[in-house]
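*Asks:* Shown below is the structure under consideration.
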Amino acid sequence: MKKIISHKLSFFLLAVVLVWAKTYASYLVEFNLGVKGLTQQILLFINPFSFTIVLLGLGLFLKGRRSAVWIISINAVMTFVLYANIMFYRFFDDFLTFANLKQAGNLGNMSDGVFSIMAPHDIIYFLDLVILIALCVKRPQLKASQLKKRWAAAVVLAGILLFYINLSVAEKDRPELLTRTFDRNYIVKYLGPYNYTIYDGIQAAQTASQKAYASSDDLTSVVNFTNSHYAKPDKKYFGIAKGKNIIKIHLESFQTFLIDYKLHGKEVTPFLNKLAHGSHDMKYFDNFFHQTGQGKTADAELMMDNSVFGLPEGTAFVTKGQNTYQSLPAILNQKEGYTSAVLHGDYKSFWNRDQVYKQIGYDKFFDASSYDMSEENLVNLGLKDKPFFKESIPMLKSLKKPFYAHLMTLTHHYPFILDEKDATLEKGTTGDSTVDGYFQTARYLDESLEQFFKDLKKSGLYDDSVIVIYGDHNGISENHNRAMEEVLGKEITPYQNVMNQRVPLMIRIPGQKGGVNHTYGGEVDVMPTLLHLQGIDNKNYVNFGTDLFSKEHDETVPFRNGNYVTPKYTLIDTTVYDTKTGKEIKPNKETEKLKTQVSEQLDLSDQVLYKDLLRFHKLKDFTPVDPAKYFYGKEKGNE
Ligand code: GP9
Ligand code: MN
């Protein structure tokens, strides 16, 4: 036994335990990781181990004191990583990224405040280093200690195995944790700060290499495409909303099939139904589709504000958070003096929003920290929609006019749960809890929206504002087809599944009549539409969508996977359907041409993001957004 637990191994074990202890202490003292449930508690407890065992364990292959030096050096690097994150988190409420390091503005803000955010207890983060160094110096036994290579290998393998276990339990609790990168908080909560740093480093390296080989020539084919795809504005609509506030409301997971749907003989969304039928002068697009991929909400936001597609894999908001954008809020600001704001009852780091909104040029970001997040106001992912809308009114009023405000709801989100006291509609009865709950949270959202409209009127903001309402993506996936067949009373064929990807789009323009508009369109079409309503021609911008009111609007709606819908055809993989009847038809020249156009459009849009091509797009009347000039939350400069 004594032989096995050699001095070398005990030094190593001590180092591992000390690193674990301080890392775990930092979870409890420094970070707000939102740990819920036993699985997450256990993962939090064990997650510092895997990386520590592997990295420190490599030192066991070295002889004598060199091994101790290795362990101490790695410990020092890990201490630096941990402490840098602690400091950064104290300042920005977020974890450090390699992208942050490159963005001088961010850290520059911190530099003069560094000492003020240090705390006396910070000593605990360095204590283990001191102990290990002292032991190394004082203990001559370490010099002679030896460990068999196969023991060293066993230790490193055990660390790797632990990592796999940790990752698989994490993926079970939060599927697609690494592929979708929802939030840095999540990665740290599940995998710990050290694994997170490696993960972030790999992502940063991938991004950098994609950008490095790009040149302005790559932009030429993009601009050729968007020029030839341009749809000129209809005079009837051009500029009719000039200078009006724009209040854009994101209905989480809201699908069009809910409109006019009756459950237990009652309308599920009576207020939205009224709007869809022209009340409040609402123009309702009933053939509007979401085009999101893995990035879900973030993809919807990206498309609506930039008229580019989300990426085929992952989430552009996360992986392309350091790109150049020519966004709707930035153009509105530069052309018409608009201020812009996002309002949302979740924390700002979700979907990397705090970084990307700066790239997009949002002046303000009211996230969860601006709202009353007491327990009774929360359900599921964050703030309930009713308090969210209520508290948003004074924030909207505080904005300099004209403004563009993007409000994102949250309660109607998978798994569609609601406190009993908030439920005014009985659940569905399919036996599928997701589908059954979906109706109840949709009703809650509908009531929240009705209340918001009333409050907007009271506040005086209603009359002079354009109101845009849209569903971001489907809430019910194909895993629930059985229950959905019961709900819709029809078989969910692949064709029907595509039809189910309709989400509502509504636009209210002061002084204009409402009504139903059957034009086919998708999320990339919203930015050109809103620009033209403002009297800003989108001709020179890289927009992949076209104005929904234009006579030249392209009614082909590409989906992220290369499928498409037009009023005539629906392409699913290699099969073409007649959109009106759902009957399979033979591919023809037109459907083949559309297929080529759609894949070219998606490919060019991907290149814009992967290669950061808009940095080469010089426009006389557009100054690129400087993210270093934007501050949200506690950051200095946001007074
Ligand atoms: C989180 C919310 C939901 O803040 O926007 O995002 P989703 O899961 O729908 O992408
Ligand atoms: Mn969403």
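Each chain in the structure tokens gets a letter, A, B, ..., in the order shown, and its residues are numbered from 1; ligands are numbered from 1 in order too.
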As a PyMOL selection string, please: every protein or nucleic acid residue near ligand 1 (cut-off 8 Å, counting only C-alpha atoms and all ligand atoms).
*Replies:* chain A and resi 182+252-253+295-299+344-348+350-351+381-382+408-410+413-414+472-473
*Asks:* As a ChimeraX atom specification, please: every residue in range 217-414 of chain A that DSSP puts in strand (DSSP E).
*Replies:* /A:245-251,262-263,266-267,282-289,339-344,364-366,378-379,382-383,403-408
*Asks:* Which residue gives the smallest distance to Gly545 in chain A among A:Tyr520, A:Phe403, A:Tyr444, A:Phe51, with only C-alpha atoms counted?
*Replies:* A:Tyr520
*Asks:* Taking 4 positions as the minimum chain separation for residues in the same chain, which residues sit within 6 Å of Val503 in chain A when counting only C-alpha atoms? Answer as an mmCIF file with all heavy atoms, in the first residue's frame.
*Replies:*
```cif
data_model
loop_
_atom_site.group_PDB
_atom_site.id
_atom_site.type_symbol
_atom_site.label_atom_id
_atom_site.label_comp_id
_atom_site.auth_asym_id
_atom_site.auth_seq_id
_atom_site.Cartn_x
_atom_site.Cartn_y
_atom_site.Cartn_z
ATOM 1 N N GLN A 255 -46.979 28.833 -32.933
ATOM 2 C CA GLN A 255 -47.233 28.366 -34.299
ATOM 3 C C GLN A 255 -48.611 28.818 -34.774
ATOM 4 O O GLN A 255 -49.549 28.974 -33.984
ATOM 5 C CB GLN A 255 -47.164 26.834 -34.345
ATOM 6 C CG GLN A 255 -45.757 26.311 -34.179
ATOM 7 C CD GLN A 255 -45.700 24.795 -34.064
ATOM 8 O OE1 GLN A 255 -45.305 24.284 -33.032
ATOM 9 N NE2 GLN A 255 -46.083 24.066 -35.112
ATOM 10 N N THR A 256 -48.728 28.955 -36.100
ATOM 11 C CA THR A 256 -49.948 29.489 -36.692
ATOM 12 C C THR A 256 -51.179 28.608 -36.443
ATOM 13 O O THR A 256 -52.292 29.114 -36.380
ATOM 14 C CB THR A 256 -49.702 29.702 -38.207
ATOM 15 O OG1 THR A 256 -48.700 30.711 -38.326
ATOM 16 C CG2 THR A 256 -50.943 30.135 -38.942
ATOM 17 N N PHE A 288 -46.701 32.711 -43.518
ATOM 18 C CA PHE A 288 -45.357 33.100 -43.087
ATOM 19 C C PHE A 288 -44.751 31.906 -42.345
ATOM 20 O O PHE A 288 -45.423 31.251 -41.554
ATOM 21 C CB PHE A 288 -45.468 34.307 -42.152
ATOM 22 C CG PHE A 288 -44.159 34.899 -41.734
ATOM 23 C CD1 PHE A 288 -43.431 35.712 -42.597
ATOM 24 C CD2 PHE A 288 -43.644 34.669 -40.452
ATOM 25 C CE1 PHE A 288 -42.217 36.274 -42.202
ATOM 26 C CE2 PHE A 288 -42.436 35.224 -40.056
ATOM 27 C CZ PHE A 288 -41.724 36.036 -40.936
ATOM 28 N N PHE A 289 -43.475 31.619 -42.635
ATOM 29 C CA PHE A 289 -42.820 30.428 -42.064
ATOM 30 C C PHE A 289 -41.584 30.828 -41.267
ATOM 31 O O PHE A 289 -40.886 31.772 -41.632
ATOM 32 C CB PHE A 289 -42.359 29.484 -43.177
ATOM 33 C CG PHE A 289 -43.505 28.832 -43.921
ATOM 34 C CD1 PHE A 289 -44.191 29.529 -44.912
ATOM 35 C CD2 PHE A 289 -43.899 27.541 -43.633
ATOM 36 C CE1 PHE A 289 -45.251 28.941 -45.597
ATOM 37 C CE2 PHE A 289 -44.951 26.938 -44.311
ATOM 38 C CZ PHE A 289 -45.633 27.639 -45.297
ATOM 39 N N GLY A 471 -44.123 34.750 -34.463
ATOM 40 C CA GLY A 471 -43.753 33.529 -33.751
ATOM 41 C C GLY A 471 -42.348 33.162 -34.185
ATOM 42 O O GLY A 471 -42.021 33.229 -35.370
#
```
*Asks:* Show which residues sit within 10 Å of range 132-138 of chain A, as a PyMOL selection string. Count only C-alpha atoms, and ignore same-chain residues fewer than 6 positions away.
*Replies:* chain A and resi 11-12+14-15+18+65+68-69+71-73+75
*Asks:* Name all residues at most 9 Å from Glu447 in chain A (count only C-alpha atoms; drop same-chain ones fewer than 5 positions away) and give them as an mmCIF file with C-alpha atoms, in the first residue's frame.
*Replies:*
```
data_model
loop_
_atom_site.group_PDB
_atom_site.id
_atom_site.type_symbol
_atom_site.label_atom_id
_atom_site.label_comp_id
_atom_site.auth_asym_id
_atom_site.auth_seq_id
_atom_site.Cartn_x
_atom_site.Cartn_y
_atom_site.Cartn_z
ATOM 1 C CA THR A 269 -55.909 32.637 -28.174
ATOM 2 C CA PRO A 270 -58.948 34.935 -28.427
ATOM 3 C CA PHE A 271 -56.922 38.161 -28.556
ATOM 4 C CA LYS A 386 -47.351 39.122 -17.631
ATOM 5 C CA ALA A 442 -50.413 29.895 -25.384
ATOM 6 C CA PHE A 452 -49.700 44.813 -23.021
#
```
*Asks:* Residues within 12 Å of Leu378 in chain A, please, as a PyMOL selection string. Count only C-alpha atoms; anything in the same chain fewer than 5 positions from it doesn't count.
*Replies:* chain A and resi 345-346+368+371-373+383-388+410-411+417-419+422
*Asks:* Do a neighbour search on range 424-435 of chain A at 6 Å with only C-alpha atoms, toss out local chain neighbours closer than 5 positions, and write the hits as a list in words.
*Replies:* Pro415, Gln440 and Ala483 of chain A
*Asks:* Would you please work out which residue, of A:Glu176, A:Thr556, A:Asp363, A:Val268, is nearest to Ala423 in chain A when using only C-alpha atoms?
*Replies:*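 The shortest atom-to-atom distance to Ala423 in chain A comes from A:Val268.
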*Asks:* Of the candidates A:Lys364, A:Ile469, A:Glu301, A:Arg508, which shows the shortest atom-to-atom distance to ligand 2, using only C-alpha atoms and all ligand atoms?
*Replies:*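 Closest to ligand 2 of all the choices is A:Glu301.
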*Asks:* Please compute the CA of Asn166 in chain A-CA of Phe88 in chain A distance, one decimal, in Å.
*Replies:*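 Answer for the CA of Asn166 in chain A to CA of Phe88 in chain A separation: 25.8 Å.
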*Asks:* Taking only C-alpha atoms into account, name the residue in A:Phe285, A:Tyr261, A:Tyr357, A:Phe416 that is nearest to Gly489 in chain A.
*Replies:*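 The shortest atom-to-atom distance to Gly489 in chain A comes from A:Tyr261.
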*Asks:* Would you mind telling me which residue in A:Leu488, A:Leu58, A:Met282, A:Val222 lies nearest to Trp151 in chain A when using only C-alpha atoms?
*Replies:*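 Among the listed residues, A:Leu58 lies closest to Trp151 in chain A.
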*Asks:* One decimal, in Å: what's the spacing between CA of Thr581 in chain A and CA of Gly522 in chain A?
*Replies:*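 According to the coordinates, CA of Thr581 in chain A and CA of Gly522 in chain A are separated by 20.8 Å.
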*Asks:* Using only C-alpha atoms, pick whichever of A:Tyr237, A:Phe389, A:Phe366, A:Phe49 has the shortest atom-to-atom distance to Ile509 in chain A.
*Replies:*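 For Ile509 in chain A, the nearest of the candidates is A:Tyr237.
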*Asks:* What is the distance between CA of Lys63 in chain A and CA of Ala152 in chain A, in Å to one decimal?
*Replies:*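 Result for CA of Lys63 in chain A versus CA of Ala152 in chain A: 11.3 Å, one decimal.
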*Asks:* Where does DSSP see alpha helix (DSSP H) in range 87-245 of chain A, if you list the residues as a PyMOL selection string?
*Replies:* chain A and resi 87-92+98-102+104-111+124-138+141-144+149-173+177-180+184-212+217-229
*Asks:* Using only C-alpha atoms, what does the table of range 183-264 of chain A residues within 8 Å of range 616-625 of chain A look like, with each row giving the shortest atom pair and its distance in Å to one decimal, sorted by chain and ascending number, as CSV?
*Replies:*
```
residue,atom,partner,partner_atom,distance
A:Ser215,CA,A:Phe616,CA,7.6
A:Ser216,CA,A:Phe616,CA,5.3
A:Leu219,CA,A:Phe616,CA,7.2
```
